[in-house]
Amino acid sequence: DTAAQDGHEVYFYQNGEDEAHLERLEIIDELKQALQLDDGQLFMAYQPKLNINSGQVDKVEALIRWQRSNGDWVSPELFIDLAEQSGLIVELTQWVVRTVVAQVGVWLREGLTMKAAINVSAQDIADSAFLPHLEDMLATHGVPAKLITIELTERDMIENEERGIAALKALKALGVMISLDDYGVGQTSLGRLKMLPIDELKLDKVFILKLNESHQDQCIVQSTISLGHQLGFSVVSEGVENSESLTLLKQMRCDYAQGYHLSRPLPAKEFINWLGSYHEVV
Ligand code: C2E
Ligand code: MG
Ligand code: MG
Ligand code: MG
């Protein structure tokens, strides 16, 4: 009896595992199709980054969105992870780069100079086709490299460290900016931080979401902004959800603020509408 019960449990356990595995394969397969079709299932949302000194929005972060053909939304955390595990990330990032650079080019020709940040993975940086493809897109769409920022997390930055740093240096030489995303929750030692060829530190939102309420977060954020500036980096805070936190960040001399207090990430047209009615909040 006990053995049968065990067997029963094992059966269901394995069955559950298989189903999860199948579901993952199905999502990757659908994602591959969505990339090839490029029929609107995948699109970029743009979230304003406020230049705290000027009070103007001169930059956005491009964030991918996916609505499956059955109507379900899939979170980027989930499908980016699957894309990384399956290697599809390289193709996905090429789509993102093509889409965002084209959009920045369209805005330029409409008279709007808007910088844009693109999230990439370690595998993209290691891919020898990444830089030539980016260069090609910039030329095709008439976009100066300095309008584009590449965001990489600490984990992505330290994978294949030496080759990664060489690749980042080549990107910097092209003129794009490099940003260290989700800073403060990963493993970057201070010794390593000074070695990285970055232009921008992007504080993780865990330190910002309750900045107005937490003395500890205020200490961490203030000292990280000072450290970043001393090392020559621009400092961005993500997850700014209220005006008190924004005021504190201004007092702390943070350079850029991003978060729901300004706007959620929006499709290009809605972002332009939002920008048209934006009034300075700092
Ligand atoms: P991330 O690059 O750190 O992006 C910031 C995330 O915080 C975004 O989630 C954004 O919508 C969210 N966020 C912005 N403001 C606030 C706020 O005030 N409060 C809170 N609670 N959240 C805020 P999202 O769009 O779901 O993306 C999650 C992650 O997925 C991103 O984290 C990034 O790592 C990855 N990702 C998104 N788009 C892409 C992409 O095109 N390529 C790659 N490789 N990764 C992407
Ligand atoms: Mg990011
Ligand atoms: Mg981040
Ligand atoms: Mg993140």
# chains A, B, ... in the order shown; residues from 1 in each chain; ligands from 1
>>> residues_near_ligand(ligand="ligand 2", cutoff="10 Å", atoms="only C-alpha atoms and all ligand atoms", output="PyMOL selection string")
chain A and resi 61-63+117-120+150-153+179-182+202+204+238
>>> select_by_dssp(residues="region 5-222 of chain A", states="helix (DSSP H, G or I)", output="ChimeraX atom specification")
/A:5-37,76-86,89-109,122-126,130-140,145-147,154-158,161-174,190-193,205-207,215-222
>>> write_last_selection(atoms="C-alpha atoms", output="CSV table (one decimal), in the first residue's frame")
chain,number,residue,atom,x,y,z
A,5,GLN,CA,1.1,5.4,-2.6
A,6,ASP,CA,4.8,6.3,-3.1
A,7,GLY,CA,4.5,5.2,-6.7
A,8,HIS,CA,1.4,7.2,-7.1
A,9,GLU,CA,3.1,10.3,-5.7
A,10,VAL,CA,6.2,9.8,-7.9
A,11,TYR,CA,3.9,9.4,-10.9
A,12,PHE,CA,2.2,12.7,-10.3
A,13,TYR,CA,5.4,14.4,-9.4
A,14,GLN,CA,7.0,13.3,-12.7
A,15,ASN,CA,3.9,14.1,-14.6
A,16,GLY,CA,3.9,17.6,-13.1
A,17,GLU,CA,7.5,18.1,-14.0
A,18,ASP,CA,6.9,16.9,-17.6
A,19,GLU,CA,4.0,19.3,-18.0
A,20,ALA,CA,6.0,22.2,-16.7
A,21,HIS,CA,8.8,21.2,-19.1
A,22,LEU,CA,6.3,21.0,-22.0
A,23,GLU,CA,4.8,24.3,-21.2
A,24,ARG,CA,8.2,25.9,-21.2
A,25,LEU,CA,9.0,24.4,-24.6
A,26,GLU,CA,5.6,25.6,-25.9
A,27,ILE,CA,6.3,29.1,-24.7
A,28,ILE,CA,9.8,29.2,-26.3
A,29,ASP,CA,8.3,27.8,-29.5
A,30,GLU,CA,5.5,30.5,-29.5
A,31,LEU,CA,8.1,33.2,-28.7
A,32,LYS,CA,10.2,32.1,-31.7
A,33,GLN,CA,7.1,32.3,-33.9
A,34,ALA,CA,6.1,35.7,-32.5
A,35,LEU,CA,9.7,37.0,-33.3
A,36,GLN,CA,9.5,35.7,-36.8
A,37,LEU,CA,6.0,36.9,-37.5
A,76,PRO,CA,9.2,39.6,-19.3
A,77,GLU,CA,10.8,38.1,-16.2
A,78,LEU,CA,9.5,34.7,-17.3
A,79,PHE,CA,10.0,34.7,-21.0
A,80,ILE,CA,13.4,36.5,-20.9
A,81,ASP,CA,14.6,33.8,-18.5
A,82,LEU,CA,13.3,31.1,-20.9
A,83,ALA,CA,14.9,32.9,-23.9
A,84,GLU,CA,18.2,33.0,-22.0
A,85,GLN,CA,18.0,29.3,-21.1
A,86,SER,CA,17.2,28.3,-24.7
A,89,ILE,CA,17.7,35.6,-26.3
A,90,VAL,CA,20.3,36.5,-29.1
A,91,GLU,CA,17.5,36.6,-31.7
A,92,LEU,CA,15.1,38.4,-29.3
A,93,THR,CA,17.7,41.1,-28.5
A,94,GLN,CA,18.3,41.6,-32.2
A,95,TRP,CA,14.6,42.3,-32.6
A,96,VAL,CA,14.6,44.6,-29.6
A,97,VAL,CA,17.6,46.6,-30.9
A,98,ARG,CA,16.1,46.8,-34.4
A,99,THR,CA,12.7,48.0,-33.0
A,100,VAL,CA,14.1,50.5,-30.5
A,101,VAL,CA,16.7,52.1,-32.8
A,102,ALA,CA,14.1,52.4,-35.5
A,103,GLN,CA,11.8,54.2,-33.0
A,104,VAL,CA,14.5,56.6,-31.9
A,105,GLY,CA,15.1,57.3,-35.6
A,106,VAL,CA,11.4,58.0,-36.2
A,107,TRP,CA,11.3,60.4,-33.2
A,108,LEU,CA,14.5,62.2,-34.4
A,109,ARG,CA,12.9,62.8,-37.8
A,122,ALA,CA,25.4,38.3,-21.0
A,123,GLN,CA,24.9,36.1,-24.1
A,124,ASP,CA,24.3,39.2,-26.2
A,125,ILE,CA,27.5,40.8,-25.1
A,126,ALA,CA,29.4,37.5,-25.8
A,130,PHE,CA,25.9,42.1,-31.5
A,131,LEU,CA,28.1,45.1,-32.0
A,132,PRO,CA,28.0,45.0,-35.9
A,133,HIS,CA,24.3,44.6,-35.8
A,134,LEU,CA,23.8,47.5,-33.5
A,135,GLU,CA,26.2,49.6,-35.6
A,136,ASP,CA,24.3,48.6,-38.7
A,137,MET,CA,20.9,49.6,-37.2
A,138,LEU,CA,22.3,53.0,-36.0
A,139,ALA,CA,23.5,53.7,-39.6
A,140,THR,CA,20.3,52.5,-41.2
A,145,ALA,CA,25.3,56.1,-30.9
A,146,LYS,CA,25.3,58.5,-28.0
A,147,LEU,CA,21.5,58.3,-27.9
A,154,GLU,CA,25.6,42.8,-12.3
A,155,ARG,CA,25.2,39.1,-13.0
A,156,ASP,CA,25.3,39.6,-16.7
A,157,MET,CA,28.3,41.9,-16.4
A,158,ILE,CA,30.5,39.5,-14.5
A,161,GLU,CA,34.5,38.7,-17.1
A,162,GLU,CA,37.5,39.4,-19.3
A,163,ARG,CA,35.8,38.9,-22.6
A,164,GLY,CA,32.7,40.8,-21.3
A,165,ILE,CA,34.8,43.8,-20.4
A,166,ALA,CA,36.5,43.8,-23.8
A,167,ALA,CA,33.2,43.7,-25.5
A,168,LEU,CA,31.8,46.5,-23.3
A,169,LYS,CA,34.9,48.6,-24.1
A,170,ALA,CA,34.3,48.1,-27.9
A,171,LEU,CA,30.6,49.2,-27.4
A,172,LYS,CA,31.8,52.3,-25.5
A,173,ALA,CA,34.2,53.0,-28.3
A,174,LEU,CA,31.3,53.0,-30.7
A,190,LEU,CA,33.8,47.8,-5.0
A,191,GLY,CA,37.1,46.6,-6.4
A,192,ARG,CA,35.3,45.3,-9.5
A,193,LEU,CA,33.1,48.3,-9.8
A,205,LYS,CA,14.3,49.5,-6.9
A,206,VAL,CA,14.4,47.7,-3.6
A,207,PHE,CA,16.3,50.7,-2.2
A,215,HIS,CA,16.3,55.8,7.0
A,216,GLN,CA,18.4,52.9,6.1
A,217,ASP,CA,17.5,53.1,2.4
A,218,GLN,CA,18.2,56.8,2.6
A,219,CYS,CA,21.7,56.1,3.9
A,220,ILE,CA,22.4,53.4,1.3
A,221,VAL,CA,21.1,55.6,-1.6
A,222,GLN,CA,22.9,58.8,-0.5
>>> atom_distance(atom1="atom 3 (O, counted along the ligand's line) of ligand 1", atom2="CA of Ser69 (chain A)")
26.0 Å
>>> select_by_dssp(residues="region 101-150 of chain A", states="strand (DSSP E or B)", output="number ranges by chain")
A: 115-119, 148-150
>>> write_last_selection(atoms="C-alpha atoms", output="PDB file, in the first residue's frame")
ATOM      1  CA  LYS A 115      17.740  58.817 -25.637  1.00  0.00           C
ATOM      2  CA  ALA A 116      16.780  55.176 -25.139  1.00  0.00           C
ATOM      3  CA  ALA A 117      18.097  52.408 -22.891  1.00  0.00           C
ATOM      4  CA  ILE A 118      17.990  48.775 -24.049  1.00  0.00           C
ATOM      5  CA  ASN A 119      18.277  45.782 -21.696  1.00  0.00           C
ATOM      6  CA  ILE A 148      21.610  54.609 -26.985  1.00  0.00           C
ATOM      7  CA  THR A 149      22.376  53.116 -23.553  1.00  0.00           C
ATOM      8  CA  ILE A 150      22.956  49.407 -22.975  1.00  0.00           C
TER       9      ILE A 150
END
>>> residues_around(residues="Ile52 (chain A)", least_positions_apart="3", cutoff="7 Å", atoms="only C-alpha atoms", output="MDAnalysis selection string")
chainID A and resid 55 250 255:257 282
>>> atom_distance(atom1="CA of Leu50 (chain A)", atom2="atom 46 (C, counted along the ligand's line) of ligand 1")
20.0 Å
